[in-house]
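Shown here: my_file-v7.cif, mmCIF, C-alpha atoms.
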```cif
data_entry
loop_
_atom_site.label_atom_id
_atom_site.label_comp_id
_atom_site.auth_asym_id
_atom_site.auth_seq_id
_atom_site.Cartn_x
_atom_site.Cartn_y
_atom_site.Cartn_z
CA MET A 26 183.01 134.75 58.22
CA ILE A 27 182.72 132.94 61.54
CA ALA A 28 183.12 129.23 60.84
CA HIS A 29 182.11 126.73 63.53
CA TYR A 30 183.76 123.34 63.08
CA GLY A 31 182.51 120.48 65.26
CA TYR A 32 179.23 119.39 66.80
CA ALA A 33 177.09 119.17 69.90
CA ASP A 34 176.28 115.76 71.32
CA GLY A 35 174.83 114.32 74.53
CA SER A 36 178.02 115.14 76.44
CA GLY A 37 178.51 118.74 75.37
CA GLU A 38 179.33 121.23 72.65
CA TYR A 39 182.63 120.83 70.83
CA TYR A 40 183.39 123.56 68.32
CA ILE A 41 186.57 125.19 67.08
CA ILE A 42 185.58 128.64 65.84
CA ILE A 43 187.65 130.42 63.20
CA ASP A 44 187.07 134.03 62.15
CA THR A 45 188.17 133.92 58.52
CA ASP A 46 188.00 137.71 58.16
CA ARG A 47 190.74 138.00 60.79
CA CYS A 48 192.76 134.97 59.68
CA ASN A 49 195.73 135.82 57.44
CA GLY A 50 196.69 132.24 56.54
CA CYS A 51 200.06 132.43 58.36
CA GLU A 52 199.88 128.70 59.36
CA GLU A 53 201.30 129.21 62.87
CA CYS A 54 198.29 127.41 64.35
CA VAL A 55 198.72 124.54 61.88
CA LYS A 56 202.35 124.07 62.96
CA VAL A 57 201.78 124.31 66.72
CA CYS A 58 198.84 121.86 66.96
CA PRO A 59 200.07 118.61 68.55
CA GLN A 60 197.24 116.65 66.93
CA GLY A 61 197.37 118.04 63.40
CA VAL A 62 193.78 119.27 63.56
CA LEU A 63 194.20 122.32 61.35
CA GLU A 64 195.19 123.18 57.80
CA VAL A 65 195.15 126.27 55.58
CA ALA A 66 193.15 126.13 52.35
CA LEU A 67 191.27 128.39 49.93
CA ASP A 68 187.72 129.11 51.05
CA ASP A 69 184.74 129.64 48.69
CA TYR A 70 185.70 133.32 48.34
CA ASP A 71 189.27 132.42 47.28
CA LYS A 72 190.96 133.46 50.52
CA ALA A 73 193.60 131.17 52.09
CA VAL A 74 192.45 130.64 55.66
CA ALA A 75 192.78 128.13 58.48
CA ARG A 76 190.15 125.45 58.92
CA VAL A 77 189.70 122.13 60.69
CA LYS A 78 190.61 119.25 58.37
CA GLU A 79 187.52 117.71 56.80
CA ASP A 80 188.21 114.23 58.11
CA VAL A 81 188.68 115.55 61.67
CA VAL A 82 185.48 117.63 62.02
CA LYS A 83 183.22 114.74 62.95
CA SER A 84 185.62 113.34 65.55
CA ILE A 85 186.86 116.68 66.83
CA HIS A 86 186.23 115.84 70.47
CA PHE A 87 188.50 112.81 70.17
CA VAL A 88 191.29 114.43 68.15
CA CYS A 89 191.59 117.97 69.51
CA TRP A 90 192.67 117.99 73.18
CA GLY A 91 190.53 121.02 73.89
CA TYR A 92 191.90 124.52 74.48
CA HIS A 93 190.33 125.16 77.88
CA ARG A 94 190.61 121.54 78.92
CA ARG A 95 194.30 121.03 78.08
CA CYS A 96 196.18 123.24 75.64
CA ALA A 97 195.72 126.52 77.51
CA SER A 98 198.15 125.19 80.10
CA GLU A 99 200.66 123.95 77.53
CA GLU A 100 203.74 126.03 76.70
CA SER A 101 202.26 127.04 73.38
CA ASN A 102 198.91 126.55 71.65
CA CYS A 103 196.88 127.68 68.65
CA HIS A 104 195.34 130.68 70.46
CA ALA A 105 198.71 131.94 71.74
CA VAL A 106 200.47 131.80 68.36
CA CYS A 107 197.64 133.52 66.48
CA SER A 108 198.57 137.18 66.03
CA GLN A 109 195.07 137.94 64.69
CA ASP A 110 193.00 136.48 67.53
CA ALA A 111 191.16 134.43 64.90
CA ILE A 112 190.66 131.10 66.67
CA SER A 113 188.65 130.06 69.71
CA HIS A 114 187.26 126.88 71.32
CA THR A 115 184.09 126.00 73.20
CA TRP A 116 185.92 123.43 75.36
CA MET B 12 174.81 133.30 29.70
CA ILE B 13 173.65 129.78 30.49
CA THR B 14 175.03 128.15 33.61
CA ALA B 15 174.15 125.13 35.70
CA GLY B 16 174.47 124.08 39.31
CA VAL B 17 174.62 120.46 40.42
CA ASP B 18 173.97 119.64 44.07
CA ILE B 19 174.69 116.02 44.97
CA GLY B 20 173.34 115.33 48.44
CA SER B 21 173.17 112.19 50.52
CA LEU B 22 169.58 111.31 49.63
CA THR B 23 168.81 113.42 46.55
CA GLY B 24 170.63 114.84 43.53
CA LYS B 25 169.59 118.17 42.05
CA ALA B 26 170.54 120.06 38.89
CA LEU B 27 169.38 123.52 37.90
CA ILE B 28 169.88 125.45 34.66
CA LEU B 29 170.00 129.23 34.84
CA GLU B 30 169.81 131.54 31.82
CA ASP B 31 170.70 135.09 32.88
CA ASN B 32 168.22 135.66 35.70
CA ASN B 33 165.72 132.93 34.84
CA ILE B 34 165.49 129.39 36.10
CA VAL B 35 165.06 127.44 32.87
CA ALA B 36 164.75 123.95 34.36
CA TRP B 37 165.63 121.88 37.39
CA SER B 38 165.62 118.24 38.50
CA LEU B 39 165.33 116.39 41.78
CA ILE B 40 166.11 112.68 41.85
CA PRO B 41 166.93 110.06 44.49
CA THR B 42 170.63 109.22 44.78
CA ASN B 43 172.05 106.03 43.38
CA PRO B 44 174.78 104.14 45.25
CA ASP B 45 176.99 105.02 42.28
CA SER B 46 177.51 108.81 42.48
CA SER B 47 178.35 109.11 38.80
CA VAL B 48 174.93 107.66 37.96
CA THR B 49 173.22 110.22 40.22
CA VAL B 50 175.17 113.06 38.62
CA GLN B 51 174.38 111.92 35.09
CA ARG B 52 170.67 111.37 35.79
CA ALA B 53 170.21 114.70 37.57
CA MET B 54 171.94 116.66 34.81
CA ASP B 55 170.21 114.76 31.99
CA ALA B 56 166.79 115.28 33.57
CA ALA B 57 167.32 119.04 33.80
CA LEU B 58 168.78 119.26 30.27
CA GLU B 59 165.83 117.33 28.87
CA LYS B 60 163.32 119.70 30.49
CA ALA B 61 165.29 122.63 29.10
CA HIS B 62 165.61 121.07 25.61
CA MET B 63 169.36 121.62 25.89
CA SER B 64 172.55 119.57 25.77
CA LEU B 65 175.65 119.73 27.95
CA ASP B 66 177.39 121.80 25.23
CA ASP B 67 174.83 124.60 25.71
CA LEU B 68 176.09 125.20 29.23
CA ASP B 69 178.76 127.90 29.52
CA TYR B 70 179.86 126.99 33.04
CA VAL B 71 178.92 124.37 35.64
CA VAL B 72 179.55 124.46 39.38
CA SER B 73 179.03 121.45 41.63
CA THR B 74 178.19 121.43 45.33
CA GLY B 75 177.03 119.14 48.10
CA TYR B 76 178.32 115.96 49.60
CA GLY B 77 179.26 114.57 46.17
CA ARG B 78 180.59 117.78 44.62
CA LEU B 79 184.00 116.29 43.79
CA VAL B 80 182.56 113.61 41.49
CA VAL B 81 180.96 115.82 38.85
CA PRO B 82 183.33 115.42 35.89
CA PHE B 83 181.80 118.19 33.75
CA ALA B 84 181.93 120.86 36.49
CA GLN B 85 184.53 123.61 36.10
CA ARG B 86 184.52 124.37 39.80
CA ASN B 87 183.11 123.17 43.11
CA VAL B 88 181.85 125.33 45.97
CA THR B 89 180.74 124.21 49.44
CA GLU B 90 177.01 123.83 49.99
CA ILE B 91 177.14 126.42 52.76
CA SER B 92 178.03 129.24 50.38
CA CYS B 93 175.67 127.90 47.71
CA HIS B 94 172.68 127.80 50.04
CA ALA B 95 173.33 131.37 51.14
CA LYS B 96 173.59 132.57 47.56
CA GLY B 97 170.54 130.61 46.43
CA ALA B 98 168.40 131.75 49.37
CA HIS B 99 169.46 135.35 48.71
CA TRP B 100 168.32 135.10 45.07
CA PHE B 101 164.84 134.05 46.20
CA PHE B 102 164.68 136.39 49.20
CA PRO B 103 167.18 139.28 49.06
CA GLU B 104 166.30 140.26 52.63
CA VAL B 105 167.45 136.89 54.01
CA ARG B 106 169.96 137.02 56.86
CA THR B 107 169.49 133.57 58.48
CA ILE B 108 169.16 130.25 56.65
CA LEU B 109 168.38 126.84 57.98
CA ASP B 110 169.10 124.05 55.53
CA MET B 111 168.36 120.47 56.48
CA GLY B 112 168.78 117.55 54.17
CA GLY B 113 168.83 113.82 54.70
CA GLN B 114 172.04 113.61 56.65
CA ASP B 115 172.96 117.09 57.77
CA CYS B 116 171.73 120.40 59.11
CA LYS B 117 173.25 123.83 58.57
CA ALA B 118 172.60 127.16 60.24
CA ILE B 119 173.92 130.03 58.10
CA ARG B 120 174.06 133.78 58.56
CA CYS B 121 174.63 135.96 55.52
CA ASP B 122 174.94 139.62 54.65
CA ASP B 123 172.83 141.65 52.23
CA THR B 124 174.80 140.28 49.24
CA GLY B 125 174.24 136.64 50.17
CA LYS B 126 177.81 136.17 51.39
CA VAL B 127 178.20 133.88 54.42
CA THR B 128 179.11 135.68 57.66
CA ASN B 129 178.63 132.84 60.14
CA PHE B 130 177.82 129.15 59.94
CA ALA B 131 177.58 125.94 61.95
CA MET B 132 176.83 122.50 60.57
CA ASN B 133 175.83 119.21 62.09
CA ASP B 134 176.61 116.31 59.80
CA LYS B 135 177.65 113.87 62.48
CA CYS B 136 174.36 112.78 63.93
CA ALA B 137 171.06 111.60 62.41
CA ALA B 138 169.11 113.11 65.28
CA GLY B 139 169.56 116.54 63.77
CA ALA B 140 168.82 115.56 60.18
CA GLY B 141 166.02 114.43 57.91
CA ARG B 142 166.96 110.83 58.56
CA SER B 143 165.31 111.01 61.97
CA MET B 144 162.00 111.88 60.32
CA GLU B 145 162.35 108.94 57.93
CA VAL B 146 163.04 106.55 60.81
CA MET B 147 159.93 107.69 62.68
CA ALA B 148 157.74 107.71 59.57
CA ASP B 149 158.78 104.14 58.93
CA LEU B 150 158.22 103.05 62.56
CA LEU B 151 154.78 104.63 62.86
CA GLN B 152 153.73 103.62 59.35
CA VAL B 153 153.05 107.19 58.29
CA PRO B 154 153.97 108.53 54.83
CA LEU B 155 156.87 110.94 55.23
CA ASP B 156 154.91 113.67 53.44
CA ASP B 157 152.11 113.45 56.02
CA LEU B 158 154.29 113.25 59.13
CA GLY B 159 154.48 116.99 59.77
CA GLU B 160 150.76 117.60 59.43
CA LEU B 161 149.97 114.65 61.71
CA SER B 162 152.38 115.95 64.38
CA LEU B 163 150.19 119.04 64.70
CA GLN B 164 146.97 117.10 65.22
CA ILE B 165 147.57 116.32 68.90
CA VAL B 166 144.80 114.20 70.43
CA ASP B 167 145.68 114.14 74.15
CA ALA B 168 149.10 115.72 74.71
CA MET B 169 152.55 115.73 73.17
CA VAL B 170 154.55 112.69 74.28
CA PRO B 171 158.04 113.97 75.19
CA ILE B 172 160.91 111.96 73.70
CA SER B 173 163.88 112.07 76.05
CA ASN B 174 166.51 110.13 74.09
CA THR B 175 168.93 112.27 72.10
CA CYS B 176 169.90 109.41 69.84
CA VAL B 177 167.54 108.44 67.03
CA VAL B 178 168.27 104.75 67.53
CA PHE B 179 167.13 104.90 71.16
CA ALA B 180 164.36 107.40 70.38
CA LYS B 181 162.91 104.87 67.97
CA SER B 182 162.66 102.28 70.76
CA GLU B 183 161.19 104.92 73.06
CA ALA B 184 158.55 105.82 70.45
CA LEU B 185 157.72 102.16 69.98
CA SER B 186 157.14 101.66 73.71
CA HIS B 187 154.77 104.65 73.73
CA LEU B 188 152.91 103.18 70.78
CA ARG B 189 152.53 99.88 72.60
CA ARG B 190 151.16 101.68 75.64
CA GLY B 191 148.39 103.09 73.47
CA LYS B 192 149.64 106.62 72.85
CA HIS B 193 148.33 108.24 69.65
CA ARG B 194 150.72 108.37 66.70
CA SER B 195 150.13 112.10 66.34
CA ASP B 196 151.09 112.71 69.98
CA ILE B 197 154.28 110.68 69.59
CA LEU B 198 155.13 112.51 66.37
CA ALA B 199 154.56 115.79 68.19
CA GLY B 200 157.25 114.77 70.67
CA VAL B 201 159.60 113.69 67.90
CA CYS B 202 159.18 116.93 65.97
CA GLU B 203 159.52 118.99 69.13
CA ALA B 204 162.85 117.28 69.90
CA LEU B 205 164.18 117.91 66.39
CA ALA B 206 163.00 121.52 66.34
CA THR B 207 164.64 122.18 69.72
CA ARG B 208 167.91 120.65 68.53
CA VAL B 209 167.86 122.66 65.32
CA HIS B 210 166.95 125.86 67.16
CA SER B 211 169.98 125.54 69.43
CA LEU B 212 172.23 125.13 66.36
CA MET B 213 170.69 128.31 64.98
CA GLN B 214 171.26 130.14 68.25
CA ARG B 215 174.96 129.34 67.93
CA VAL B 216 175.17 131.54 64.83
CA GLY B 217 172.48 133.99 65.90
CA ILE B 218 169.02 134.48 64.38
CA GLU B 219 168.05 137.56 62.39
CA SER B 220 165.14 138.29 60.06
CA GLU B 221 164.50 137.33 57.28
CA PHE B 222 164.66 133.64 58.05
CA VAL B 223 164.68 131.12 55.18
CA ILE B 224 164.33 127.34 55.43
CA SER B 225 165.67 125.18 52.61
CA GLY B 226 166.10 121.48 52.00
CA GLY B 227 163.58 118.70 52.39
CA ILE B 228 162.70 119.77 55.95
CA ALA B 229 160.98 122.89 54.59
CA LYS B 230 158.22 120.59 53.39
CA ASN B 231 157.56 119.37 56.94
CA ILE B 232 154.91 121.70 58.37
CA GLY B 233 155.38 120.17 61.83
CA ILE B 234 158.98 121.41 61.99
CA VAL B 235 158.30 124.69 60.19
CA LYS B 236 155.49 125.61 62.61
CA ARG B 237 157.57 124.74 65.67
CA LEU B 238 160.54 126.79 64.41
CA THR B 239 158.21 129.70 63.73
CA ASP B 240 157.15 129.58 67.38
CA LYS B 241 160.68 129.19 68.72
CA THR B 242 162.31 131.93 66.66
CA GLY B 243 159.38 134.32 66.59
CA LEU B 244 159.99 134.69 62.85
CA THR B 245 157.89 133.46 59.93
CA PRO B 246 160.20 131.44 57.67
CA ARG B 247 160.30 132.18 53.94
CA ILE B 248 160.28 129.06 51.80
CA SER B 249 160.97 129.00 48.05
CA PHE B 250 158.70 127.24 45.53
CA GLU B 251 161.06 124.24 45.61
CA PRO B 252 163.18 124.37 48.77
CA GLN B 253 165.38 121.47 47.71
CA VAL B 254 167.00 123.27 44.74
CA VAL B 255 168.33 126.26 46.66
CA GLY B 256 171.84 124.76 46.72
CA ALA B 257 171.87 123.98 42.99
CA LEU B 258 170.64 127.51 42.26
CA GLY B 259 173.41 128.97 44.39
CA ALA B 260 175.93 126.85 42.48
CA ALA B 261 174.54 128.11 39.15
CA LEU B 262 174.90 131.68 40.43
CA PHE B 263 178.52 131.03 41.46
CA ALA B 264 178.99 129.69 37.92
CA GLN B 265 177.81 133.03 36.54
CA GLU B 266 180.28 134.90 38.74
CA SER B 267 183.18 132.66 37.75
CA LEU B 268 182.33 133.01 34.07
CA ARG B 269 182.12 136.81 34.32
CA ARG B 270 185.53 136.89 36.05
CA GLU B 271 187.02 134.72 33.29
CA GLN B 272 185.56 136.90 30.55
CA GLN B 273 186.95 140.06 32.14
CA ALA B 274 190.43 138.62 32.59
#
```
Go ahead and render the structure in this file as structure tokens.
Amino acid sequence: MIAHYGYADGSGEYYIIIDTDRCNGCEECVKVCPQGVLEVALDDYDKAVARVKEDVVKSIHFVCWGYHRRCASEESNCHAVCSQDAISHTW
Amino acid sequence: MITAGVDIGSLTGKALILEDNNIVAWSLIPTNPDSSVTVQRAMDAALEKAHMSLDDLDYVVSTGYGRLVVPFAQRNVTEISCHAKGAHWFFPEVRTILDMGGQDCKAIRCDDTGKVTNFAMNDKCAAGAGRSMEVMADLLQVPLDDLGELSLQIVDAMVPISNTCVVFAKSEALSHLRRGKHRSDILAGVCEALATRVHSLMQRVGIESEFVISGGIAKNIGIVKRLTDKTGLTPRISFEPQVVGALGAALFAQESLRREQQA
């Protein structure tokens, strides 16, 4: 399942996209995120997968620094530590 | 096997009782500021129609915004999965679902078993939810049930609404009204803006036939017609589009019960 977490507003589209079929629940992305955006939890089909925390989704643009905008140039980031290529960003 | 699904939304509460493959009864009530009151009323209304009591139910699943406050539910499932499952029960060929309630809007893709393969949800902004329709109905003094029909009866030309935000769009609509524009033409602009917004959410997950619309918005012919034009697909709408989530929850209840019985 491709899960889009975030929203589009007047200034742009801000989604973190997680492919839960690829995700193996390893939690590397959870640990590396400097803003604590992610967590691993059971989905509706009883698989432990990464997702954006419920109380972060609606303010995602203010909490997540943005992969392309900032974290891609950091030493490590959620895309780099994911061995399954399960996470992507629209900004 | 008798199961029930309870869908507690932001504006309405729904309960549905399923016996094997038949919908026995369902309820649709406005929410109360006290969620536990909404839950109780929705469940009681459905039980009364079914001439049943809570003890007759083998398993209950809750869903929706208020899914964590249903004390008699054995399990809760997100409304995204429930809407896919419910839509699939009505229309097994469904692959794309648009559900819009009072405060949110979801675009869902599913496979041929009703399992979610892709989804995106907007629950941040009223501009992409039923609330925007309520605001305009109230401003233009049009009953909400008639708004959609009126938006199709354009007199001169659709009045484009440029503001993304419902709060500003309301002021914009008011200024058009004062300048003598017809209510229908203003509503056409309002519905066009909402349909465009919703369509772009759907494009994020991709659009594939069959296309089902659920939630209160399915009763708005102005939005349904515009989405038909934009997607090139004729949407399928169930006899009561607002209970699709509760039905999906009742179906999840059946699955959970079967798993328990086999264990």
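Set the cut-off at 7 Å, count all atoms listed in the file, and the residues of chain A near chain B turn out to be A:Met26, A:Ile27, A:Ala28, A:His29, A:Tyr30, A:Tyr32, A:Gly35, A:Asp69, A:Lys83.
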* To do: Go through the shown structure with the PyMOL selection byres ((chain A and resi 109) around 7) and write out the matching residues as a list in words.
  =>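 Checked against the file, the PyMOL selection byres ((chain A and resi 109) around 7) matches Arg47, Cys48, Cys107, Ser108, Asp110 and Ala111 of chain A.
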* From B:Arg52, B:Lys236, B:Arg194, B:Arg86, residue lying nearest Ala15 of chain B [all atoms listed in the file] ->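 Closest residue, counting all atoms listed in the file: B:Arg86.
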* Asked: Taking all atoms listed in the file into account, which of A:Ala73, A:Val106, A:Leu63, A:Val55 comes nearest Ile85 of chain A?
  ->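 The shortest atom-to-atom distance to Ile85 of chain A comes from A:Leu63.
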* To do: With a distance cut-off of 8 Å and all atoms listed in the file, select the neighbouring residues of Tyr70 of chain B, excluding the residue or stretch itself and same-chain residues fewer than 3 positions from it, and output the selection as a list in words.
  =>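 The filter keeps Ile13, Thr14, Ala15, Ala84, Gln85, Ala264, Gln265 and Leu268 of chain B.
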What does the file look like for those residues with C-alpha atoms, as a CSV table (one decimal), keeping the file's coordinate frame?
```csv
chain,number,residue,atom,x,y,z
B,13,ILE,CA,173.6,129.8,30.5
B,14,THR,CA,175.0,128.2,33.6
B,15,ALA,CA,174.2,125.1,35.7
B,84,ALA,CA,181.9,120.9,36.5
B,85,GLN,CA,184.5,123.6,36.1
B,264,ALA,CA,179.0,129.7,37.9
B,265,GLN,CA,177.8,133.0,36.5
B,268,LEU,CA,182.3,133.0,34.1
```
* Go through B:Ile248, B:Val17, B:Met144, B:Met169 one by one, measure the shortest atom-to-atom distance of each to Val105 of chain B using all atoms listed in the file, and give the residue with the smallest value. =>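 Ranking B:Ile248, B:Val17, B:Met144, B:Met169 by distance to Val105 of chain B, first place goes to B:Ile248.
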* Applied to the shown file, which residues does the PyMOL selection byres ((chain B and resi 161) around 9) return, written as a list in words? ->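 Answer for the PyMOL selection byres ((chain B and resi 161) around 9): Val153, Asp157, Leu158, Gly159, Glu160, Ser162, Leu163, Gln164, Ile165, Arg194, Ser195, Asp196, Leu198, Ala199 and Gly233 of chain B.
Going from atom CA of His94 of chain B over to atom CA of Ser21 of chain B, you cover 15.6 Å.
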* Can you list, as a list in words, every protein, DNA or RNA residue that comes within 10 Å of Trp116 of chain A when you count only C-alpha atoms, leaving out same-chain residues fewer than 2 positions away? -> Gly37, Glu38, Tyr39, Tyr40, Ile41, His86, Cys89, Trp90, Gly91, Tyr92, His93, Arg94, Arg95, Ser113 and His114 of chain A
Sphere at (184.3, 108.3, 40.5), radius 8 Å, counting all atoms listed in the file: residues as a PDB file with C-alpha atoms, in the frame of the given file:
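Final output, point.pdb:
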```
ATOM      1  CA  SER B  46     177.510 108.810  42.480  1.00  0.00           C
ATOM      2  CA  SER B  47     178.350 109.110  38.800  1.00  0.00           C
ATOM      3  CA  VAL B  80     182.560 113.610  41.490  1.00  0.00           C
TER       4      VAL B  80
END
```
* Exactly which residues make up the result of the PyMOL selection byres ((chain B and resi 29) around 12) on this file, given as JSON, numbers by chain? -> {"B": [12, 13, 14, 15, 16, 17, 26, 27, 28, 30, 31, 32, 33, 34, 35, 36, 37, 57, 58, 61, 63, 67, 68, 69, 70, 71, 72, 97, 100, 254, 257, 258, 259, 260, 261, 262, 263, 264, 265]}
* **Protein and nucleic acid residues near (200.3, 121.4, 66.1) (cut-off 12 Å, only C-alpha atoms) as number ranges by chain** => A: 52-64, 77, 88-90, 96, 99, 101-104, 106
* Which of these, B:Gly113, B:Pro41, B:Pro154, B:Gly75, has the shortest distance to Ala137 of chain B once you count all atoms listed in the file? -> B:Gly113
* What lies within 9 Å of Cys51 of chain A using all atoms listed in the file, ignoring chain neighbours under 5 positions off, as a PyMOL selection string? -> chain A and resi 65+74-75+107
* Minimum-distance residue to Asp68 of chain A, chosen among A:Val81, A:Gly31, A:Phe87, A:Asp46 (using all atoms listed in the file) -> A:Asp46
* To do: Just give me the gap between atom CA of Gln114 of chain B and atom CA of Arg189 of chain B in Å, one decimal is fine.
  =>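 Atom CA of Arg189 of chain B lies at a distance of 28.7 Å from atom CA of Gln114 of chain B.
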* Asked: So how many Å separate atom CA of Val81 of chain B and atom CA of Met54 of chain B, to one decimal?
  ->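 Between these atoms lies a distance of 9.9 Å.
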Who sits within 9 Å of Asp55 of chain B, all atoms listed in the file, same chain under 6 positions skipped, as a tab-separated table (two decimals) with C-alpha atoms, in the coordinates of the input:
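Written file, around-v7.tsv:
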```
chain	number	residue	atom	x	y	z
B	26	ALA	CA	170.54	120.06	38.89
B	38	SER	CA	165.62	118.24	38.50
B	64	SER	CA	172.55	119.57	25.77
B	65	LEU	CA	175.65	119.73	27.95
```
Can you pull segment 82-99 of chain A out of that block with N, CA and C atoms and hand it back as a PDB file, in the first residue's frame?
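Written output follows (out-v6.pdb):
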```pdb
ATOM      1  N   VAL A  82       0.925  14.770  11.116  1.00  0.00           N
ATOM      2  CA  VAL A  82       0.445  14.796   9.728  1.00  0.00           C
ATOM      3  C   VAL A  82      -0.047  16.177   9.292  1.00  0.00           C
ATOM      4  N   LYS A  83      -0.865  16.803  10.130  1.00  0.00           N
ATOM      5  CA  LYS A  83      -1.459  18.067   9.706  1.00  0.00           C
ATOM      6  C   LYS A  83      -0.509  19.246   9.789  1.00  0.00           C
ATOM      7  N   SER A  84       0.645  19.085  10.432  1.00  0.00           N
ATOM      8  CA  SER A  84       1.618  20.186  10.447  1.00  0.00           C
ATOM      9  C   SER A  84       2.914  19.725   9.816  1.00  0.00           C
ATOM     10  N   ILE A  85       2.848  18.778   8.900  1.00  0.00           N
ATOM     11  CA  ILE A  85       4.041  18.138   8.379  1.00  0.00           C
ATOM     12  C   ILE A  85       5.031  19.120   7.777  1.00  0.00           C
ATOM     13  N   HIS A  86       4.514  20.168   7.134  1.00  0.00           N
ATOM     14  CA  HIS A  86       5.396  21.134   6.498  1.00  0.00           C
ATOM     15  C   HIS A  86       6.222  21.901   7.521  1.00  0.00           C
ATOM     16  N   PHE A  87       5.688  21.995   8.750  1.00  0.00           N
ATOM     17  CA  PHE A  87       6.403  22.755   9.785  1.00  0.00           C
ATOM     18  C   PHE A  87       7.326  21.875  10.621  1.00  0.00           C
ATOM     19  N   VAL A  88       7.051  20.572  10.637  1.00  0.00           N
ATOM     20  CA  VAL A  88       7.846  19.673  11.483  1.00  0.00           C
ATOM     21  C   VAL A  88       8.969  19.012  10.678  1.00  0.00           C
ATOM     22  N   CYS A  89       8.594  18.378   9.566  1.00  0.00           N
ATOM     23  CA  CYS A  89       9.607  17.735   8.719  1.00  0.00           C
ATOM     24  C   CYS A  89      10.376  18.810   7.953  1.00  0.00           C
ATOM     25  N   TRP A  90      11.712  18.705   7.934  1.00  0.00           N
ATOM     26  CA  TRP A  90      12.532  19.714   7.248  1.00  0.00           C
ATOM     27  C   TRP A  90      12.442  19.617   5.734  1.00  0.00           C
ATOM     28  N   GLY A  91      11.943  18.501   5.258  1.00  0.00           N
ATOM     29  CA  GLY A  91      11.862  18.320   3.807  1.00  0.00           C
ATOM     30  C   GLY A  91      13.092  17.599   3.301  1.00  0.00           C
ATOM     31  N   TYR A  92      12.889  16.473   2.599  1.00  0.00           N
ATOM     32  CA  TYR A  92      14.044  15.712   2.096  1.00  0.00           C
ATOM     33  C   TYR A  92      14.818  16.518   1.057  1.00  0.00           C
ATOM     34  N   HIS A  93      14.134  16.942   0.008  1.00  0.00           N
ATOM     35  CA  HIS A  93      14.826  17.641  -1.077  1.00  0.00           C
ATOM     36  C   HIS A  93      15.308  19.012  -0.640  1.00  0.00           C
ATOM     37  N   ARG A  94      14.516  19.624   0.255  1.00  0.00           N
ATOM     38  CA  ARG A  94      14.861  20.970   0.710  1.00  0.00           C
ATOM     39  C   ARG A  94      16.073  20.960   1.631  1.00  0.00           C
ATOM     40  N   ARG A  95      16.192  19.946   2.496  1.00  0.00           N
ATOM     41  CA  ARG A  95      17.232  20.023   3.550  1.00  0.00           C
ATOM     42  C   ARG A  95      17.959  18.716   3.781  1.00  0.00           C
ATOM     43  N   CYS A  96      17.188  17.642   4.104  1.00  0.00           N
ATOM     44  CA  CYS A  96      17.847  16.430   4.613  1.00  0.00           C
ATOM     45  C   CYS A  96      18.690  15.664   3.609  1.00  0.00           C
ATOM     46  N   ALA A  97      18.424  15.872   2.316  1.00  0.00           N
ATOM     47  CA  ALA A  97      19.227  15.179   1.303  1.00  0.00           C
ATOM     48  C   ALA A  97      20.703  15.562   1.427  1.00  0.00           C
ATOM     49  N   SER A  98      20.947  16.789   1.907  1.00  0.00           N
ATOM     50  CA  SER A  98      22.336  17.223   2.017  1.00  0.00           C
ATOM     51  C   SER A  98      22.911  17.008   3.411  1.00  0.00           C
ATOM     52  N   GLU A  99      22.131  16.397   4.290  1.00  0.00           N
ATOM     53  CA  GLU A  99      22.639  16.040   5.613  1.00  0.00           C
ATOM     54  C   GLU A  99      23.428  14.734   5.516  1.00  0.00           C
TER      55      GLU A  99
END
```
